file final29.cif (mmCIF, C-alpha atoms)
data_entry
loop_
_atom_site.group_PDB
_atom_site.id
_atom_site.type_symbol
_atom_site.label_atom_id
_atom_site.label_comp_id
_atom_site.auth_asym_id
_atom_site.auth_seq_id
_atom_site.Cartn_x
_atom_site.Cartn_y
_atom_site.Cartn_z
ATOM 1 C CA MET A 12 3.452 7.510 12.793
ATOM 2 C CA GLU A 13 0.994 8.911 10.277
ATOM 3 C CA ARG A 14 3.377 11.708 9.397
ATOM 4 C CA PHE A 15 6.213 9.236 9.005
ATOM 5 C CA PHE A 16 4.261 7.353 6.333
ATOM 6 C CA LEU A 17 3.536 10.619 4.543
ATOM 7 C CA ALA A 18 7.201 11.666 4.691
ATOM 8 C CA SER A 19 8.439 8.362 3.292
ATOM 9 C CA ALA A 20 5.776 8.485 0.559
ATOM 10 C CA LEU A 21 7.044 11.931 -0.435
ATOM 11 C CA ALA A 22 10.630 10.680 -0.404
ATOM 12 C CA LEU A 23 9.588 7.849 -2.720
ATOM 13 C CA CYS A 24 7.984 10.372 -5.064
ATOM 14 C CA VAL A 25 11.256 12.324 -5.189
ATOM 15 C CA ILE A 26 13.123 9.095 -5.991
ATOM 16 C CA ILE A 27 10.606 8.350 -8.763
ATOM 17 C CA LEU A 28 11.179 11.801 -10.265
ATOM 18 C CA LEU A 29 14.931 11.282 -10.161
ATOM 19 C CA SER A 30 14.769 7.934 -11.910
ATOM 20 C CA LEU A 31 12.367 9.398 -14.476
ATOM 21 C CA TYR A 32 15.329 11.262 -16.000
ATOM 22 C CA ARG A 33 17.044 8.069 -17.101
ATOM 23 C CA GLY A 34 13.686 6.648 -18.134
ATOM 24 C CA VAL A 35 13.136 9.503 -20.572
ATOM 25 C CA PHE A 36 16.697 10.319 -21.714
ATOM 26 C CA GLY A 37 18.115 6.790 -21.454
ATOM 27 C CA PRO A 38 20.370 6.276 -24.518
ATOM 28 C CA THR A 39 19.287 2.734 -25.240
ATOM 29 C CA VAL A 40 15.790 1.305 -25.205
ATOM 30 C CA PHE A 41 16.731 -1.049 -22.381
ATOM 31 C CA ASP A 42 17.466 1.878 -20.042
ATOM 32 C CA ARG A 43 13.905 2.969 -20.554
ATOM 33 C CA ILE A 44 12.700 -0.504 -19.658
ATOM 34 C CA ILE A 45 14.729 -0.430 -16.454
ATOM 35 C CA GLY A 46 13.265 3.000 -15.719
ATOM 36 C CA ALA A 47 9.766 1.638 -16.108
ATOM 37 C CA GLY A 48 10.574 -1.355 -13.909
ATOM 38 C CA PHE A 49 12.251 0.799 -11.296
ATOM 39 C CA ILE A 50 9.291 3.164 -11.095
ATOM 40 C CA GLY A 51 6.967 0.153 -10.998
ATOM 41 C CA THR A 52 8.685 -1.125 -7.864
ATOM 42 C CA LYS A 53 8.327 2.269 -6.218
ATOM 43 C CA THR A 54 4.645 2.300 -7.131
ATOM 44 C CA ILE A 55 4.113 -0.968 -5.291
ATOM 45 C CA ILE A 56 5.585 0.482 -2.124
ATOM 46 C CA LEU A 57 3.698 3.742 -2.625
ATOM 47 C CA LEU A 58 0.415 1.833 -2.916
ATOM 48 C CA VAL A 59 0.994 -0.013 0.340
ATOM 49 C CA LEU A 60 1.988 3.235 2.056
ATOM 50 C CA MET A 61 -1.212 4.876 0.844
ATOM 51 C CA GLY A 62 -3.092 1.970 2.344
ATOM 52 C CA PHE A 63 -1.520 2.722 5.700
ATOM 53 C CA ILE A 64 -2.200 6.444 5.376
ATOM 54 C CA TYR A 65 -5.898 6.004 4.462
ATOM 55 C CA GLU A 66 -6.416 3.176 6.997
ATOM 56 C CA ARG A 67 -7.837 1.019 4.183
ATOM 57 C CA ILE A 68 -5.055 -1.509 4.263
ATOM 58 C CA ASP A 69 -6.860 -4.553 2.857
ATOM 59 C CA MET A 70 -7.790 -2.820 -0.402
ATOM 60 C CA PHE A 71 -4.384 -1.313 -1.096
ATOM 61 C CA ILE A 72 -2.472 -4.498 -0.346
ATOM 62 C CA ASP A 73 -4.453 -6.307 -3.025
ATOM 63 C CA LEU A 74 -3.792 -3.434 -5.427
ATOM 64 C CA ALA A 75 -0.061 -3.589 -4.717
ATOM 65 C CA LEU A 76 -0.004 -7.357 -5.167
ATOM 66 C CA ALA A 77 -1.846 -7.166 -8.500
ATOM 67 C CA TYR A 78 0.384 -4.370 -9.701
ATOM 68 C CA SER A 79 3.596 -6.187 -8.817
ATOM 69 C CA ILE A 80 2.431 -9.206 -10.854
ATOM 70 C CA LEU A 81 1.545 -6.947 -13.788
ATOM 71 C CA ASN A 82 4.874 -5.163 -13.564
ATOM 72 C CA PHE A 83 6.755 -8.441 -13.582
ATOM 73 C CA ILE A 84 4.876 -9.822 -16.576
ATOM 74 C CA GLY A 85 5.222 -6.517 -18.412
ATOM 75 C CA THR A 86 8.992 -6.564 -18.058
ATOM 76 C CA LEU A 87 9.117 -10.147 -19.288
ATOM 77 C CA ILE A 88 7.022 -9.401 -22.355
ATOM 78 C CA ILE A 89 8.976 -6.261 -23.246
ATOM 79 C CA SER A 90 12.283 -8.085 -22.980
ATOM 80 C CA LYS A 91 10.941 -10.964 -25.094
ATOM 81 C CA TYR A 92 9.842 -8.429 -27.734
ATOM 82 C CA PHE A 93 13.198 -6.707 -27.894
ATOM 83 C CA ILE A 94 15.105 -9.945 -28.429
ATOM 84 C CA ARG A 95 13.847 -10.090 -32.000
ATOM 85 C CA LYS A 96 13.611 -6.369 -32.679
ATOM 86 C CA GLY A 97 17.179 -5.541 -31.517
ATOM 87 C CA ALA A 98 18.332 -2.492 -29.604
ATOM 88 C CA LYS A 99 18.231 -0.071 -32.524
ATOM 89 C CA MET B 10 8.394 -2.175 17.999
ATOM 90 C CA VAL B 11 7.270 0.924 16.132
ATOM 91 C CA ILE B 12 10.881 2.135 16.231
ATOM 92 C CA VAL B 13 12.058 -1.127 14.662
ATOM 93 C CA ALA B 14 9.483 -0.721 11.885
ATOM 94 C CA ALA B 15 10.632 2.865 11.320
ATOM 95 C CA ILE B 16 14.264 1.722 11.150
ATOM 96 C CA PHE B 17 13.368 -0.883 8.531
ATOM 97 C CA MET B 18 11.512 1.680 6.444
ATOM 98 C CA VAL B 19 14.349 4.195 6.633
ATOM 99 C CA ALA B 20 16.745 1.430 5.569
ATOM 100 C CA GLY B 21 14.442 0.667 2.622
ATOM 101 C CA LEU B 22 14.449 4.319 1.611
ATOM 102 C CA PHE B 23 18.231 4.411 1.929
ATOM 103 C CA VAL B 24 18.636 1.390 -0.351
ATOM 104 C CA PHE B 25 16.225 2.884 -2.875
ATOM 105 C CA ALA B 26 18.179 6.166 -2.888
ATOM 106 C CA ILE B 27 21.455 4.331 -3.514
ATOM 107 C CA ALA B 28 19.872 2.292 -6.310
ATOM 108 C CA THR B 29 18.676 5.517 -7.929
ATOM 109 C CA ILE B 30 22.127 7.076 -7.715
ATOM 110 C CA GLY B 31 23.576 3.955 -9.311
ATOM 111 C CA PHE B 32 20.860 4.031 -11.952
ATOM 112 C CA LEU B 33 21.649 7.613 -12.926
ATOM 113 C CA ARG B 34 25.428 7.624 -12.725
ATOM 114 C CA PHE B 35 26.546 4.337 -14.236
ATOM 115 C CA PRO B 36 27.804 4.569 -17.832
ATOM 116 C CA ASP B 37 26.330 1.458 -19.382
ATOM 117 C CA PHE B 38 23.143 -0.584 -19.483
ATOM 118 C CA TYR B 39 24.648 -3.614 -17.758
ATOM 119 C CA THR B 40 26.062 -1.610 -14.872
ATOM 120 C CA ARG B 41 22.782 0.248 -14.435
ATOM 121 C CA MET B 42 20.912 -3.015 -14.365
ATOM 122 C CA HIS B 43 23.402 -4.227 -11.789
ATOM 123 C CA ALA B 44 22.470 -1.382 -9.471
ATOM 124 C CA THR B 45 18.727 -1.180 -9.903
ATOM 125 C CA ALA B 46 17.859 -4.858 -9.769
ATOM 126 C CA LYS B 47 19.536 -5.462 -6.416
ATOM 127 C CA GLY B 48 18.411 -2.116 -5.022
ATOM 128 C CA ASP B 49 14.805 -2.848 -5.940
ATOM 129 C CA THR B 50 14.661 -6.235 -4.318
ATOM 130 C CA LEU B 51 16.381 -5.256 -1.100
ATOM 131 C CA GLY B 52 14.513 -1.973 -0.754
ATOM 132 C CA THR B 53 11.162 -3.646 -1.261
ATOM 133 C CA LEU B 54 12.093 -6.334 1.278
ATOM 134 C CA PHE B 55 13.099 -3.794 3.934
ATOM 135 C CA PHE B 56 10.048 -1.630 3.360
ATOM 136 C CA VAL B 57 7.520 -4.412 3.400
ATOM 137 C CA ILE B 58 9.053 -6.028 6.489
ATOM 138 C CA GLY B 59 8.923 -2.669 8.268
ATOM 139 C CA LEU B 60 5.304 -2.163 7.289
ATOM 140 C CA ALA B 61 4.377 -5.709 8.270
ATOM 141 C CA LEU B 62 6.043 -5.278 11.672
ATOM 142 C CA TYR B 63 4.161 -2.060 12.242
ATOM 143 C CA TYR B 64 0.860 -3.481 11.054
ATOM 144 C CA LEU B 65 1.047 -6.733 13.011
ATOM 145 C CA HIS B 66 2.126 -4.919 16.172
ATOM 146 C CA HIS B 67 0.040 -1.695 16.085
ATOM 147 C CA GLY B 68 -3.567 -2.867 16.112
ATOM 148 C CA PHE B 69 -3.322 -6.609 16.231
ATOM 149 C CA CYS B 70 -6.502 -8.573 15.525
ATOM 150 C CA TRP B 71 -6.674 -12.098 14.223
ATOM 151 C CA LEU B 72 -8.598 -10.863 11.215
ATOM 152 C CA GLY B 73 -5.687 -8.551 10.376
ATOM 153 C CA LEU B 74 -3.274 -11.472 10.311
ATOM 154 C CA VAL B 75 -4.440 -12.280 6.768
ATOM 155 C CA GLN B 76 -3.493 -8.779 5.617
ATOM 156 C CA GLY B 77 -0.092 -9.078 7.247
ATOM 157 C CA ILE B 78 0.541 -12.378 5.507
ATOM 158 C CA LYS B 79 -0.546 -10.872 2.179
ATOM 159 C CA LEU B 80 1.831 -7.998 2.812
ATOM 160 C CA ILE B 81 4.707 -10.430 3.324
ATOM 161 C CA LEU B 82 3.503 -12.317 0.237
ATOM 162 C CA ILE B 83 4.179 -9.186 -1.830
ATOM 163 C CA ALA B 84 7.787 -9.131 -0.591
ATOM 164 C CA VAL B 85 8.283 -12.842 -1.239
ATOM 165 C CA PHE B 86 6.772 -12.601 -4.710
ATOM 166 C CA TRP B 87 8.937 -9.622 -5.617
ATOM 167 C CA LEU B 88 11.958 -11.423 -4.217
ATOM 168 C CA LEU B 89 11.318 -14.195 -6.762
ATOM 169 C CA ALA B 90 10.056 -12.082 -9.647
ATOM 170 C CA SER B 91 12.702 -9.370 -9.746
ATOM 171 C CA PRO B 92 15.701 -11.570 -10.525
ATOM 172 C CA THR B 93 13.711 -13.412 -13.195
ATOM 173 C CA ALA B 94 12.712 -10.172 -14.897
ATOM 174 C CA THR B 95 16.282 -8.907 -14.647
ATOM 175 C CA HIS B 96 17.610 -12.078 -16.217
ATOM 176 C CA ALA B 97 15.127 -11.875 -19.089
ATOM 177 C CA LEU B 98 15.985 -8.227 -19.687
ATOM 178 C CA LEU B 99 19.743 -8.819 -19.599
ATOM 179 C CA ARG B 100 19.433 -11.776 -21.917
ATOM 180 C CA SER B 101 17.474 -9.740 -24.447
ATOM 181 C CA ALA B 102 20.050 -6.944 -24.289
ATOM 182 C CA PHE B 103 22.883 -9.450 -24.662
ATOM 183 C CA GLU B 104 21.143 -11.175 -27.586
ATOM 184 C CA SER B 105 20.679 -7.867 -29.409
ATOM 185 C CA ASP B 106 24.459 -7.317 -29.234
ATOM 186 C CA LEU B 107 24.519 -4.419 -26.749
ATOM 187 C CA SER B 108 28.262 -4.297 -26.099
ATOM 188 C CA PRO B 109 29.338 -3.773 -22.460
ATOM 189 C CA TRP B 110 31.126 -0.531 -21.608
ATOM 190 C CA THR B 111 34.905 -0.579 -21.026
ATOM 191 C CA LYS B 112 37.040 2.290 -19.728
ATOM 192 C CA ASP B 113 39.299 2.518 -22.776
ATOM 193 C CA GLY B 114 36.783 1.318 -25.317
ATOM 194 C CA LYS B 115 38.587 -1.907 -26.224
ATOM 195 C CA ALA B 116 36.387 -4.947 -25.554
ATOM 196 C CA ILE B 117 37.889 -7.186 -22.868
ATOM 197 C CA ILE B 118 35.721 -10.209 -23.688
ATOM 198 C CA GLU B 119 35.538 -11.358 -27.305
ATOM 199 C CA TRP B 120 32.632 -9.411 -28.804
ATOM 200 C CA PRO B 121 30.197 -10.204 -30.477
ATOM 201 C CA PRO B 122 30.199 -13.656 -28.935
ATOM 202 C CA LYS B 123 30.121 -16.676 -31.220
ATOM 203 C CA ARG B 124 26.510 -17.797 -31.624
ATOM 204 C CA ARG B 125 26.225 -21.308 -30.199
ATOM 205 C CA ASP B 126 22.463 -21.779 -30.133
ATOM 206 C CA LYS B 127 21.225 -19.676 -33.019
#

call {"tool": "encode", "arguments": {"input": "final29.cif", "output": "structure tokens"}}
result
Amino acid sequence: MERFFLASALALCVIILLSLYRGVFGPTVFDRIIGAGFIGTKTIILLVLMGFIYERIDMFIDLALAYSILNFIGTLIISKYFIRKGAK
Amino acid sequence: MVIVAAIFMVAGLFVFAIATIGFLRFPDFYTRMHATAKGDTLGTLFFVIGLALYYLHHGFCWLGLVQGIKLILIAVFWLLASPTATHALLRSAFESDLSPWTKDGKAIIEWPPKRRDK
């Protein structure tokens, strides 16, 4: 089961790399925000998987929980900022 | 039970992969948002349920129940937070007049929309 966690963590890293393309070359600013949010979601899952791999589950679950809250608030603040500034 | 957890996690990976394909291939911001937001929420839900099943079944001790509940709390929180963040993002894109993509370029809906509130 240990190897299965490692394999899925690697698959998540590949998915993060793929979505990094749109995050960097996204035509509009909002594509970059989605890229950041998308990678943020993967990071939450990656954190929990690392907890299972290192057998230190209680620490990594708290990290993942804190990070998901931060990611959510970050997306809200960025979208509030771009309402006034416009997409240009 | 471990097999069930593995199935859930593979399903989560599958949903994430599809969301990434949608994120890369769709032509416009709104369609990309359409793909990623749903893919995120469902993928996270599958993954965390799989992990919780594995964790609560593998080495079950009453002390570990708190961790399992916190694990499910992450999924529930993300289930509530992701649509809210998506709505805020879409609204800001819509407010800053990002016109939706159409196949032939002519806008189907009347664009830019008449400002009611501003």

call {"tool": "atom_distance", "arguments": {"input": "final29.cif", "atom1": "atom CA of A:Thr86", "atom2": "atom CA of B:Ala94"}}
result
6.1 Å

call {"tool": "resolve_selection", "arguments": {"input": "final29.cif", "expression": "the PyMOL selection byres ((chain B) within 6 of (chain A))", "output": "count of residues only"}}
result
5

call {"tool": "atom_distance", "arguments": {"input": "final29.cif", "atom1": "atom CA of B:Gly68", "atom2": "atom CA of B:Leu80"}}
result
15.2 Å

call {"tool": "resolve_selection", "arguments": {"input": "final29.cif", "expression": "the PyMOL selection byres ((chain B and resi 55) around 8)", "output": "ChimeraX atom specification"}}
result
/B:17-18,20-21,51-54,56-59

call {"tool": "residues_around", "arguments": {"input": "final29.cif", "residues": "B:Gly48", "least_positions_apart": "3", "cutoff": "9 Å", "atoms": "all atoms listed in the file", "output": "MDAnalysis selection string"}}
result
chainID B and resid 24:29 43:45 51:53

call {"tool": "atom_distance", "arguments": {"input": "final29.cif", "atom1": "atom CA of B:Asp113", "atom2": "atom CA of B:Pro36"}}
result
12.7 Å

call {"tool": "resolve_selection", "arguments": {"input": "final29.cif", "expression": "the PyMOL selection byres ((chain B and resi 10) around 12)", "output": "MDAnalysis selection string"}}
result
chainID B and resid 11:17 59:67

call {"tool": "decode", "arguments": {"input": "final29.cif", "residues": "chain A", "atoms": "C-alpha atoms", "output": "compact mmCIF listing (two decimals), in the first residue's frame"}}
result
# COMPACT_ATOMS: atom_id res chain seq x y z
CA MET A 12 0.00 0.00 0.00
CA GLU A 13 3.00 2.21 0.66
CA ARG A 14 4.03 2.02 -2.97
CA PHE A 15 0.50 2.86 -4.06
CA PHE A 16 0.63 6.13 -2.12
CA LEU A 17 3.99 6.95 -3.68
CA ALA A 18 2.69 6.17 -7.19
CA SER A 19 -0.39 8.36 -6.78
CA ALA A 20 1.75 11.16 -5.33
CA LEU A 21 3.95 10.99 -8.42
CA ALA A 22 0.89 11.01 -10.67
CA LEU A 23 -0.33 14.13 -8.87
CA CYS A 24 3.05 15.77 -9.46
CA VAL A 25 2.74 15.03 -13.19
CA ILE A 26 -0.75 16.56 -13.19
CA ILE A 27 0.63 19.65 -11.41
CA LEU A 28 3.33 20.02 -14.06
CA LEU A 29 0.74 19.74 -16.81
CA SER A 30 -1.50 22.39 -15.33
CA LEU A 31 1.53 24.63 -14.76
CA TYR A 32 1.60 25.27 -18.52
CA ARG A 33 -1.72 27.09 -18.49
CA GLY A 34 -0.73 28.79 -15.25
CA VAL A 35 2.32 30.33 -16.89
CA PHE A 36 1.14 30.86 -20.50
CA GLY A 37 -2.53 31.51 -19.72
CA PRO A 38 -3.66 34.38 -22.01
CA THR A 39 -5.72 36.19 -19.42
CA VAL A 40 -4.86 36.89 -15.81
CA PHE A 41 -7.81 34.80 -14.66
CA ASP A 42 -6.34 31.65 -16.25
CA ARG A 43 -3.33 32.15 -14.05
CA ILE A 44 -5.57 32.41 -11.02
CA ILE A 45 -7.28 29.15 -11.94
CA GLY A 46 -3.85 27.59 -12.39
CA ALA A 47 -2.85 28.67 -8.92
CA GLY A 48 -6.11 27.37 -7.46
CA PHE A 49 -5.86 24.11 -9.35
CA ILE A 50 -2.31 23.49 -8.14
CA GLY A 51 -3.39 24.48 -4.63
CA THR A 52 -5.99 21.72 -4.61
CA LYS A 53 -3.39 19.19 -5.72
CA THR A 54 -1.08 20.39 -2.96
CA ILE A 55 -3.72 19.63 -0.36
CA ILE A 56 -4.01 16.06 -1.57
CA LEU A 57 -0.23 15.76 -1.88
CA LEU A 58 0.19 16.89 1.73
CA VAL A 59 -2.23 14.27 3.02
CA LEU A 60 -0.54 11.60 0.90
CA MET A 61 2.83 12.57 2.34
CA GLY A 62 1.32 12.15 5.77
CA PHE A 63 0.38 8.60 4.89
CA ILE A 64 3.80 7.88 3.40
CA TYR A 65 5.74 9.22 6.42
CA GLU A 66 3.31 7.67 8.94
CA ARG A 67 2.94 11.10 10.57
CA ILE A 68 -0.69 11.51 9.67
CA ASP A 69 -1.81 13.90 12.42
CA MET A 70 0.72 16.58 11.48
CA PHE A 71 0.09 16.50 7.74
CA ILE A 72 -3.68 16.54 8.05
CA ASP A 73 -3.48 19.79 9.98
CA LEU A 74 -1.12 21.19 7.35
CA ALA A 75 -3.52 20.22 4.57
CA LEU A 76 -6.47 21.74 6.41
CA ALA A 77 -4.63 25.02 7.01
CA TYR A 78 -3.46 25.16 3.43
CA SER A 79 -6.92 24.55 1.99
CA ILE A 80 -8.27 27.47 4.05
CA LEU A 81 -5.41 29.69 2.88
CA ASN A 82 -5.94 28.66 -0.72
CA PHE A 83 -9.63 29.46 -0.52
CA ILE A 84 -9.08 32.88 1.03
CA GLY A 85 -6.30 33.64 -1.45
CA THR A 86 -8.57 32.98 -4.41
CA LEU A 87 -11.27 35.18 -2.90
CA ILE A 88 -8.89 38.07 -2.32
CA ILE A 89 -7.34 37.84 -5.79
CA SER A 90 -10.75 37.81 -7.45
CA LYS A 91 -11.87 40.78 -5.34
CA TYR A 92 -8.72 42.66 -6.42
CA PHE A 93 -9.25 42.01 -10.10
CA ILE A 94 -12.82 43.29 -10.06
CA ARG A 95 -11.54 46.85 -9.81
CA LYS A 96 -8.31 46.44 -11.75
CA GLY A 97 -9.92 44.77 -14.82
CA ALA A 98 -8.52 41.95 -16.92
CA LYS A 99 -5.98 44.04 -18.82
